[in-house]
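my_file_39.txt (compact mmCIF, C-alpha atoms) appears below.
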```txt
# COMPACT_ATOMS: atom_id res chain seq x y z
CA MET A 18 -9.11 8.93 10.46
CA ALA A 19 -6.95 8.47 13.53
CA VAL A 20 -7.62 6.41 16.63
CA PHE A 21 -6.55 7.40 20.14
CA ILE A 22 -7.02 5.59 23.44
CA ALA A 23 -6.93 6.91 26.98
CA LEU A 24 -6.44 4.97 30.20
CA VAL A 25 -8.13 6.95 32.95
CA HIS A 26 -6.85 6.89 36.58
CA PHE A 27 -9.11 9.79 37.66
CA PRO A 28 -12.05 10.16 37.88
CA VAL A 29 -12.85 6.47 38.30
CA ILE A 30 -14.89 4.55 40.89
CA ASP A 31 -13.91 1.93 43.44
CA LYS A 32 -15.90 -1.18 44.29
CA ASN A 33 -18.24 0.86 46.50
CA GLU A 34 -18.80 3.36 43.65
CA LYS A 35 -16.82 6.04 45.49
CA THR A 36 -14.76 8.43 43.33
CA VAL A 37 -11.07 7.53 43.54
CA THR A 38 -7.71 8.04 41.86
CA THR A 39 -5.98 4.75 41.02
CA SER A 40 -2.25 4.12 40.76
CA VAL A 41 -0.42 3.80 37.48
CA THR A 42 0.50 0.14 36.87
CA ASN A 43 3.73 -0.90 35.17
CA PHE A 44 2.03 -3.72 33.26
CA ASP A 45 -0.65 -1.35 31.90
CA ILE A 46 2.11 0.74 30.35
CA HIS A 47 3.77 -2.29 28.74
CA ASP A 48 0.76 -4.31 27.63
CA ILE A 49 -1.45 -1.47 26.44
CA SER A 50 1.29 0.32 24.49
CA ARG A 51 2.09 -2.95 22.68
CA CYS A 52 -1.62 -3.43 21.86
CA ALA A 53 -1.86 0.20 20.70
CA LYS A 54 1.12 -0.31 18.37
CA THR A 55 -0.30 -3.60 17.06
CA TYR A 56 -3.67 -2.11 16.16
CA GLY A 57 -2.48 1.18 14.69
CA VAL A 58 -3.50 3.48 17.55
CA ARG A 59 -1.99 6.95 17.02
CA ARG A 60 -1.50 7.88 20.72
CA PHE A 61 -2.12 6.15 24.04
CA TYR A 62 -2.85 8.74 26.75
CA LEU A 63 -2.09 7.78 30.34
CA VAL A 64 -4.39 10.07 32.31
CA THR A 65 -3.46 10.90 35.90
CA PRO A 66 -3.38 14.23 37.74
CA VAL A 67 -0.93 12.94 40.39
CA PRO A 68 2.63 14.27 39.90
CA SER A 69 4.33 11.32 41.63
CA GLN A 70 2.42 8.92 39.39
CA GLN A 71 3.43 10.84 36.30
CA TRP A 72 7.03 10.73 37.50
CA PHE A 73 6.77 6.95 37.98
CA ALA A 74 5.28 6.49 34.49
CA LYS A 75 7.93 8.72 32.92
CA ARG A 76 10.73 6.71 34.56
CA ILE A 77 9.40 3.48 33.06
CA ILE A 78 8.82 4.99 29.63
CA ARG A 79 12.29 6.57 29.62
CA HIS A 80 13.96 3.28 30.59
CA TRP A 81 12.47 1.61 27.51
CA THR A 82 12.74 4.50 25.07
CA GLU A 83 16.13 5.97 25.99
CA GLY A 84 17.70 3.77 28.66
CA PHE A 85 18.99 0.20 28.76
CA GLY A 86 15.63 -1.17 27.61
CA ALA A 87 15.75 0.68 24.29
CA GLU A 88 18.81 -1.27 23.17
CA TYR A 89 17.78 -4.52 24.84
CA ASN A 90 14.32 -4.58 23.28
CA PRO A 91 13.67 -2.22 20.32
CA THR A 92 10.09 -3.47 19.87
CA ARG A 93 9.31 -2.30 23.40
CA GLN A 94 10.90 1.06 22.57
CA GLU A 95 8.65 1.33 19.52
CA ALA A 96 5.55 0.54 21.58
CA MET A 97 6.37 2.99 24.39
CA GLY A 98 6.76 5.72 21.77
CA VAL A 99 2.96 5.95 21.43
CA ILE A 100 2.43 6.90 25.09
CA SER A 101 1.67 10.46 26.22
CA LEU A 102 0.92 11.61 29.74
CA ALA A 103 -2.08 13.85 30.42
CA ASN A 104 -3.45 15.43 33.60
CA ASP A 105 -7.08 14.98 32.61
CA LEU A 106 -9.40 14.42 29.66
CA VAL A 107 -9.53 18.14 28.88
CA GLU A 108 -5.82 17.95 28.20
CA VAL A 109 -6.40 14.86 26.03
CA VAL A 110 -8.89 16.80 23.90
CA ASP A 111 -6.46 19.74 23.67
CA GLU A 112 -3.56 17.50 22.64
CA ILE A 113 -5.56 15.63 20.02
CA THR A 114 -6.99 18.86 18.64
CA LYS A 115 -3.47 20.29 18.45
CA GLU A 116 -2.36 17.19 16.50
CA THR A 117 -5.32 16.69 14.16
CA GLY A 118 -6.99 20.09 14.08
CA ARG A 119 -10.27 18.79 15.50
CA SER A 120 -11.84 17.15 18.53
CA PRO A 121 -12.30 13.37 18.31
CA ILE A 122 -15.46 11.35 18.85
CA PHE A 123 -15.35 9.81 22.33
CA ILE A 124 -16.23 6.17 22.97
CA ALA A 125 -16.57 4.86 26.54
CA THR A 126 -16.05 1.25 27.56
CA SER A 127 -17.55 -0.43 30.61
CA ALA A 128 -18.14 -3.87 32.09
CA LYS A 129 -21.69 -2.80 32.95
CA SER A 130 -24.65 -2.61 30.58
CA ARG A 131 -26.57 0.63 30.15
CA ALA A 132 -29.10 2.19 27.78
CA ASN A 133 -28.15 3.13 24.20
CA MET A 134 -25.06 1.00 23.92
CA ILE A 135 -23.47 0.35 20.56
CA THR A 136 -22.30 -3.15 19.61
CA TYR A 137 -18.73 -3.88 18.57
CA LYS A 138 -19.97 -4.82 15.12
CA GLU A 139 -21.81 -1.51 14.68
CA MET A 140 -18.84 0.49 15.99
CA ARG A 141 -16.44 -1.37 13.69
CA GLU A 142 -18.61 -0.55 10.69
CA LYS A 143 -18.95 3.08 11.76
CA ILE A 144 -15.19 3.54 12.19
CA SER A 145 -14.24 1.65 9.05
CA GLY A 146 -13.76 4.22 6.34
CA ALA A 147 -14.84 7.10 8.64
CA GLU A 148 -13.45 10.60 8.22
CA GLU A 149 -13.62 11.49 11.93
CA ASP A 150 -11.07 10.68 14.62
CA TYR A 151 -11.96 8.49 17.60
CA CYS A 152 -10.77 8.34 21.19
CA ILE A 153 -11.65 5.20 23.17
CA LEU A 154 -11.73 5.59 26.97
CA PHE A 155 -10.87 2.82 29.42
CA GLY A 156 -11.35 3.15 33.17
CA THR A 157 -9.06 1.63 35.77
CA GLY A 158 -10.34 0.56 39.21
CA TRP A 159 -14.04 -0.35 38.97
CA GLY A 160 -14.58 1.78 35.88
CA LEU A 161 -15.06 5.31 34.52
CA HIS A 162 -16.85 7.85 36.72
CA ALA A 163 -20.40 8.92 35.73
CA SER A 164 -19.17 12.45 34.96
CA VAL A 165 -17.02 10.99 32.16
CA LEU A 166 -19.78 8.73 30.85
CA GLU A 167 -22.13 11.74 30.56
CA GLU A 168 -19.78 13.47 28.14
CA VAL A 169 -19.05 10.72 25.62
CA ASP A 170 -20.59 10.14 22.20
CA TYR A 171 -20.88 6.32 22.35
CA PHE A 172 -20.93 3.55 24.94
CA LEU A 173 -19.54 0.25 23.74
CA GLU A 174 -21.38 -2.84 24.95
CA PRO A 175 -19.59 -4.82 27.71
CA ILE A 176 -17.30 -7.64 26.60
CA THR A 177 -19.06 -10.93 27.21
CA GLY A 178 -17.54 -14.36 27.12
CA THR A 179 -19.39 -17.64 27.39
CA GLY A 180 -21.08 -17.14 30.77
CA ASP A 181 -21.94 -14.48 33.33
CA TYR A 182 -18.41 -13.79 34.56
CA ASN A 183 -17.19 -10.45 33.16
CA HIS A 184 -14.35 -9.26 35.34
CA LEU A 185 -11.51 -8.87 32.87
CA SER A 186 -8.46 -6.76 33.69
CA VAL A 187 -8.36 -3.42 31.91
CA ARG A 188 -5.33 -4.76 30.00
CA SER A 189 -7.36 -7.69 28.64
CA ALA A 190 -10.31 -5.39 27.90
CA VAL A 191 -8.10 -3.06 25.84
CA ALA A 192 -6.63 -6.02 23.90
CA ILE A 193 -10.05 -7.49 23.08
CA THR A 194 -11.64 -4.12 22.27
CA LEU A 195 -8.90 -3.15 19.82
CA ASP A 196 -8.96 -6.60 18.22
CA ARG A 197 -12.74 -6.49 17.81
CA LEU A 198 -12.66 -3.01 16.28
CA PHE A 199 -9.48 -3.18 14.19
CA GLY A 200 -8.24 -6.81 14.03
CA ARG A 201 -8.07 -8.61 10.71
CA MET B 4 -16.14 -30.66 25.02
CA ALA B 5 -13.87 -28.93 27.50
CA VAL B 6 -11.21 -26.32 26.87
CA PHE B 7 -7.95 -26.07 28.79
CA ILE B 8 -5.10 -23.60 28.47
CA ALA B 9 -1.48 -23.88 29.57
CA LEU B 10 1.02 -21.08 30.10
CA VAL B 11 4.47 -22.58 29.54
CA HIS B 12 7.56 -21.28 31.39
CA PHE B 13 9.75 -24.19 30.22
CA PRO B 14 10.77 -25.12 27.58
CA VAL B 15 10.57 -21.71 25.91
CA ILE B 16 13.11 -19.65 23.96
CA ASP B 17 14.73 -16.30 24.65
CA LYS B 18 15.37 -13.58 22.09
CA ASN B 19 18.47 -15.41 20.81
CA GLU B 20 16.42 -18.63 20.44
CA LYS B 21 18.24 -20.25 23.37
CA THR B 22 16.21 -22.62 25.56
CA VAL B 23 15.33 -20.94 28.84
CA THR B 24 13.02 -21.13 31.84
CA THR B 25 11.12 -17.90 32.47
CA SER B 26 9.82 -16.58 35.77
CA VAL B 27 6.21 -16.75 36.82
CA THR B 28 4.63 -13.28 36.61
CA ASN B 29 2.01 -12.07 39.07
CA PHE B 30 0.02 -10.30 36.34
CA ASP B 31 -0.12 -13.45 34.20
CA ILE B 32 -1.81 -15.25 37.08
CA HIS B 33 -4.38 -12.47 37.55
CA ASP B 34 -5.13 -11.51 33.97
CA ILE B 35 -5.11 -14.97 32.41
CA SER B 36 -7.24 -16.60 35.13
CA ARG B 37 -9.84 -13.83 34.67
CA CYS B 38 -9.82 -14.39 30.88
CA ALA B 39 -10.10 -18.16 31.42
CA LYS B 40 -13.12 -17.68 33.67
CA THR B 41 -14.71 -15.23 31.21
CA TYR B 42 -14.42 -17.60 28.26
CA GLY B 43 -15.42 -20.83 30.00
CA VAL B 44 -11.97 -22.44 30.16
CA ARG B 45 -12.10 -25.52 32.43
CA ARG B 46 -8.53 -25.31 33.81
CA PHE B 47 -5.59 -22.92 33.37
CA TYR B 48 -2.29 -24.79 33.86
CA LEU B 49 0.69 -22.76 34.99
CA VAL B 50 3.61 -24.88 33.79
CA THR B 51 6.96 -24.51 35.54
CA PRO B 52 9.37 -27.12 36.85
CA VAL B 53 11.03 -24.67 39.29
CA PRO B 54 9.98 -25.30 42.94
CA SER B 55 10.57 -21.71 44.08
CA GLN B 56 8.41 -20.45 41.22
CA GLN B 57 5.65 -22.87 42.11
CA TRP B 58 5.89 -21.69 45.71
CA PHE B 59 5.59 -18.06 44.54
CA ALA B 60 2.56 -18.87 42.38
CA LYS B 61 0.90 -20.81 45.19
CA ARG B 62 1.35 -17.91 47.61
CA ILE B 63 -0.45 -15.53 45.21
CA ILE B 64 -3.23 -18.00 44.43
CA ARG B 65 -3.74 -18.76 48.14
CA HIS B 66 -3.93 -15.05 49.01
CA TRP B 67 -6.83 -14.62 46.59
CA THR B 68 -8.60 -17.93 47.17
CA GLU B 69 -8.24 -18.33 50.94
CA GLY B 70 -6.57 -15.22 52.35
CA PHE B 71 -7.55 -11.57 52.62
CA GLY B 72 -8.11 -11.31 48.87
CA ALA B 73 -10.89 -13.90 48.87
CA GLU B 74 -13.09 -11.71 51.05
CA TYR B 75 -11.95 -8.43 49.49
CA ASN B 76 -12.61 -9.54 45.92
CA PRO B 77 -14.74 -12.68 45.39
CA THR B 78 -14.56 -12.39 41.58
CA ARG B 79 -10.78 -12.72 41.83
CA GLN B 80 -11.24 -15.75 44.07
CA GLU B 81 -13.52 -17.31 41.46
CA ALA B 82 -10.97 -16.68 38.68
CA MET B 83 -8.01 -18.06 40.63
CA GLY B 84 -9.99 -21.23 41.24
CA VAL B 85 -9.34 -22.34 37.64
CA ILE B 86 -5.55 -22.37 38.08
CA SER B 87 -3.53 -25.57 38.52
CA LEU B 88 0.23 -25.87 38.74
CA ALA B 89 2.07 -28.44 36.63
CA ASN B 90 5.74 -29.38 36.34
CA ASP B 91 5.59 -29.99 32.60
CA LEU B 92 3.25 -30.74 29.73
CA VAL B 93 3.34 -34.48 30.44
CA GLU B 94 1.75 -33.68 33.78
CA VAL B 95 -0.81 -31.48 32.01
CA VAL B 96 -1.82 -34.42 29.78
CA ASP B 97 -2.00 -36.70 32.83
CA GLU B 98 -4.15 -34.28 34.78
CA ILE B 99 -6.55 -33.62 31.91
CA THR B 100 -6.80 -37.36 31.17
CA LYS B 101 -7.55 -38.00 34.85
CA GLU B 102 -10.32 -35.37 34.72
CA THR B 103 -11.92 -36.14 31.35
CA GLY B 104 -10.87 -39.72 30.66
CA ARG B 105 -9.01 -38.81 27.48
CA SER B 106 -6.11 -36.82 26.12
CA PRO B 107 -7.00 -33.40 24.62
CA ILE B 108 -6.15 -32.05 21.18
CA PHE B 109 -3.21 -29.65 21.51
CA ILE B 110 -3.16 -26.23 19.83
CA ALA B 111 0.01 -24.14 19.80
CA THR B 112 0.08 -20.34 19.52
CA SER B 113 2.97 -18.27 18.21
CA ALA B 114 3.78 -14.77 17.01
CA LYS B 115 5.68 -16.32 14.08
CA SER B 116 4.19 -17.75 10.91
CA ARG B 117 4.94 -21.34 9.88
CA ALA B 118 3.65 -23.99 7.48
CA ASN B 119 0.23 -25.61 7.96
CA MET B 120 -1.23 -23.01 10.27
CA ILE B 121 -4.95 -22.96 10.99
CA THR B 122 -6.86 -19.67 10.98
CA TYR B 123 -8.89 -18.49 13.97
CA LYS B 124 -12.05 -18.81 11.92
CA GLU B 125 -11.29 -22.43 10.98
CA MET B 126 -10.36 -23.32 14.56
CA ARG B 127 -13.51 -21.67 15.93
CA GLU B 128 -15.65 -23.71 13.54
CA LYS B 129 -13.77 -26.91 14.38
CA ILE B 130 -14.18 -26.43 18.14
CA SER B 131 -17.79 -25.28 17.96
CA GLY B 132 -19.91 -28.32 18.62
CA ALA B 133 -16.87 -30.63 18.78
CA GLU B 134 -16.86 -33.75 20.95
CA GLU B 135 -13.13 -33.63 21.70
CA ASP B 136 -11.36 -31.60 24.39
CA TYR B 137 -8.81 -28.94 23.51
CA CYS B 138 -5.73 -27.57 25.25
CA ILE B 139 -4.30 -24.30 23.95
CA LEU B 140 -0.60 -23.67 24.67
CA PHE B 141 0.91 -20.22 25.20
CA GLY B 142 4.65 -19.64 25.51
CA THR B 143 6.22 -17.02 27.76
CA GLY B 144 9.56 -15.38 26.88
CA TRP B 145 10.05 -15.37 23.11
CA GLY B 146 7.71 -18.33 22.59
CA LEU B 147 7.29 -22.10 22.82
CA HIS B 148 10.34 -24.28 22.21
CA ALA B 149 10.50 -26.30 18.96
CA SER B 150 10.22 -29.57 20.93
CA VAL B 151 6.74 -28.48 22.06
CA LEU B 152 5.69 -27.30 18.60
CA GLU B 153 6.63 -30.70 17.13
CA GLU B 154 4.14 -32.48 19.37
CA VAL B 155 0.99 -30.41 18.87
CA ASP B 156 -2.00 -31.10 16.61
CA TYR B 157 -2.59 -27.55 15.36
CA PHE B 158 -0.72 -24.25 15.04
CA LEU B 159 -2.89 -21.17 15.26
CA GLU B 160 -1.96 -18.33 12.91
CA PRO B 161 -0.22 -15.35 14.58
CA ILE B 162 -2.43 -12.51 15.79
CA THR B 163 -2.12 -9.64 13.35
CA GLY B 164 -3.30 -6.10 13.87
CA THR B 165 -3.30 -3.35 11.29
CA GLY B 166 0.42 -3.28 10.46
CA ASP B 167 3.62 -5.29 10.82
CA TYR B 168 4.08 -4.86 14.57
CA ASN B 169 3.17 -8.10 16.36
CA HIS B 170 4.79 -8.03 19.76
CA LEU B 171 1.85 -8.44 22.10
CA SER B 172 2.33 -9.55 25.69
CA VAL B 173 1.33 -13.15 26.35
CA ARG B 174 -1.50 -11.75 28.51
CA SER B 175 -2.93 -9.80 25.56
CA ALA B 176 -2.41 -12.79 23.25
CA VAL B 177 -4.40 -15.05 25.58
CA ALA B 178 -7.22 -12.48 25.83
CA ILE B 179 -7.48 -12.04 22.06
CA THR B 180 -7.14 -15.77 21.29
CA LEU B 181 -9.92 -16.75 23.70
CA ASP B 182 -12.15 -13.95 22.43
CA ARG B 183 -11.60 -14.96 18.81
CA LEU B 184 -12.32 -18.63 19.52
CA PHE B 185 -15.10 -18.35 22.11
CA GLY B 186 -16.35 -14.73 22.29
CA ARG B 187 -19.90 -13.89 21.37
```

Would you mind writing the file out in structure tokens?
Amino acid sequence: MAVFIALVHFPVIDKNEKTVTTSVTNFDIHDISRCAKTYGVRRFYLVTPVPSQQWFAKRIIRHWTEGFGAEYNPTRQEAMGVISLANDLVEVVDEITKETGRSPIFIATSAKSRANMITYKEMREKISGAEEDYCILFGTGWGLHASVLEEVDYFLEPITGTGDYNHLSVRSAVAITLDRLFGR
Amino acid sequence: MAVFIALVHFPVIDKNEKTVTTSVTNFDIHDISRCAKTYGVRRFYLVTPVPSQQWFAKRIIRHWTEGFGAEYNPTRQEAMGVISLANDLVEVVDEITKETGRSPIFIATSAKSRANMITYKEMREKISGAEEDYCILFGTGWGLHASVLEEVDYFLEPITGTGDYNHLSVRSAVAITLDRLFGR
């Protein structure tokens, strides 16, 4: 069993539910790769079709894996090593299939409730000791586009805290999701 | 019972264990205030004695609570409303005491193990239904200075994932800590 995660910059929605492409964020690269490394994620796919955004992401990753950052902070180098760039989710499937020999089970995350959601507890039990591979999808902006949600195998329930407010950053959502599914 | 958190920029240590003051980070303000709001934290203290850093933090907070950001994104406005600036932890105690009439119990977090740590499970049980107030401390840089650790009531165990790698960003650590202590 291997776990993959993908941070999707297209297709996602904006606050008016319009389809948009979001920008790659430096802190997403740092924080999410460190979470991925902490919780044993095999690969963290940064999904964007925009060449200039891929160039920007590559510059950051190279600084920490080969440049000054690699010597200055080896733990950052180790974390950044799990990142791969992908143009779209089709490429993510292709890459994972190339690596593992099979397509993974896709799990979508969202801050909004919908029908047929699976709880964190149920998902944790399902994954624990499973044979299959899993790929967890996180949307930037205001969340994953409906066309992505239609194609996944599971929808994880939204993360709830103590009240009604559920507007976490995608970085916090990734941290909490991985801890709930794989934390000791 | 009320819960407070404080993000400490001084005194903290650098990677050579030297005492340093770190810079305030825009993404800490955004991500941690949103986590605080999600998990019912009463106040999030941003602790720095540096006037220019306080000015920088105030500019960001004002943009989202009074400026363009308040209208553009009301949920961000709501989150930023929990932030207070403080020069040091003495001021944090004073402010909390002014608000609640008593000093809170202090809990330190760290990525390093030490003697007499309390587990997340134990701390969650202790806080649940408690009468007292709690203030959870998070260190920036390479962690809280020893002089802070000496004064606290509890040390939370480090967050562990699936392996040995435990170099989460302070933003991820706050998200996971609050979820473990207060998440449903």

Rows by chain and residue number, chain A within 6 Å of chain B, shortest pair, only C-alpha atoms, as JSON lines:
```
{"residue": "A:Asp48", "atom": "CA", "partner": "B:Ser172", "partner_atom": "CA", "distance": 5.8}
{"residue": "A:Arg51", "atom": "CA", "partner": "B:Leu171", "partner_atom": "CA", "distance": 5.5}
{"residue": "A:Thr55", "atom": "CA", "partner": "B:Gly164", "partner_atom": "CA", "distance": 5.0}
{"residue": "A:Tyr56", "atom": "CA", "partner": "B:Gly164", "partner_atom": "CA", "distance": 4.6}
{"residue": "A:Gly57", "atom": "CA", "partner": "B:Thr165", "partner_atom": "CA", "distance": 5.7}
{"residue": "A:Gly178", "atom": "CA", "partner": "B:Tyr42", "partner_atom": "CA", "distance": 4.6}
{"residue": "A:Thr179", "atom": "CA", "partner": "B:Tyr42", "partner_atom": "CA", "distance": 5.0}
{"residue": "A:Tyr182", "atom": "CA", "partner": "B:Thr41", "partner_atom": "CA", "distance": 5.2}
{"residue": "A:Asn183", "atom": "CA", "partner": "B:Thr41", "partner_atom": "CA", "distance": 5.7}
{"residue": "A:Leu185", "atom": "CA", "partner": "B:Arg37", "partner_atom": "CA", "distance": 5.5}
{"residue": "A:Ser186", "atom": "CA", "partner": "B:Asp34", "partner_atom": "CA", "distance": 5.8}
{"residue": "A:Ser189", "atom": "CA", "partner": "B:Ala178", "partner_atom": "CA", "distance": 5.6}
{"residue": "A:Ala192", "atom": "CA", "partner": "B:Ser175", "partner_atom": "CA", "distance": 5.5}
{"residue": "A:Ile193", "atom": "CA", "partner": "B:Ile179", "partner_atom": "CA", "distance": 5.3}
{"residue": "A:Gly200", "atom": "CA", "partner": "B:Gly164", "partner_atom": "CA", "distance": 5.0}
```

Please work out which residues fall within 12 Å of (-14.3, 6.3, 9.0), coordinates as given in the file, with all atoms listed in the file counting, and return them as an MDAnalysis selection string. chainID A and resid 18:20 121:122 140:151 198:199

So which residues touch Arg131 in chain A within 10 Å, counting all atoms listed in the file, skipping near sequence neighbours fewer than 5 positions away, as a ChimeraX atom specification? /A:172-175

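Shell of range 155-167 of chain A at 6 Å, with all atoms listed in the file counted and residues fewer than 6 places along the chain excluded, is Leu24, Val25, His26, Pro28, Val29, Ile30, Asp31, Lys32 and Thr126 of chain A.
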
CA of Cys138 in chain B and CA of Ala111 in chain B, how far apart in Å? 8.6 Å

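Of note, CA of Leu49 in chain B and CA of Phe109 in chain B are spaced 15.6 Å apart.
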
Pick out the residues sitting within 9 Å of range 52-64 of chain B, and hand them over as a PyMOL selection string; count all atoms listed in the file, and ignore anything fewer than 4 positions along from it in its own chain. chain B and resi 12-13+24+26-29+32-33+68-69+80+83-84+86+88-91

CA of Thr39 in chain A to CA of Phe61 in chain A measures 17.5 Å

Taking all atoms listed in the file into account, name the residue in B:Gly72, B:Asp31, B:Glu20, B:Tyr157 that is nearest to Asn119 in chain B.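 Of B:Gly72, B:Asp31, B:Glu20, B:Tyr157, the one nearest Asn119 in chain B is B:Tyr157, counting all atoms listed in the file.
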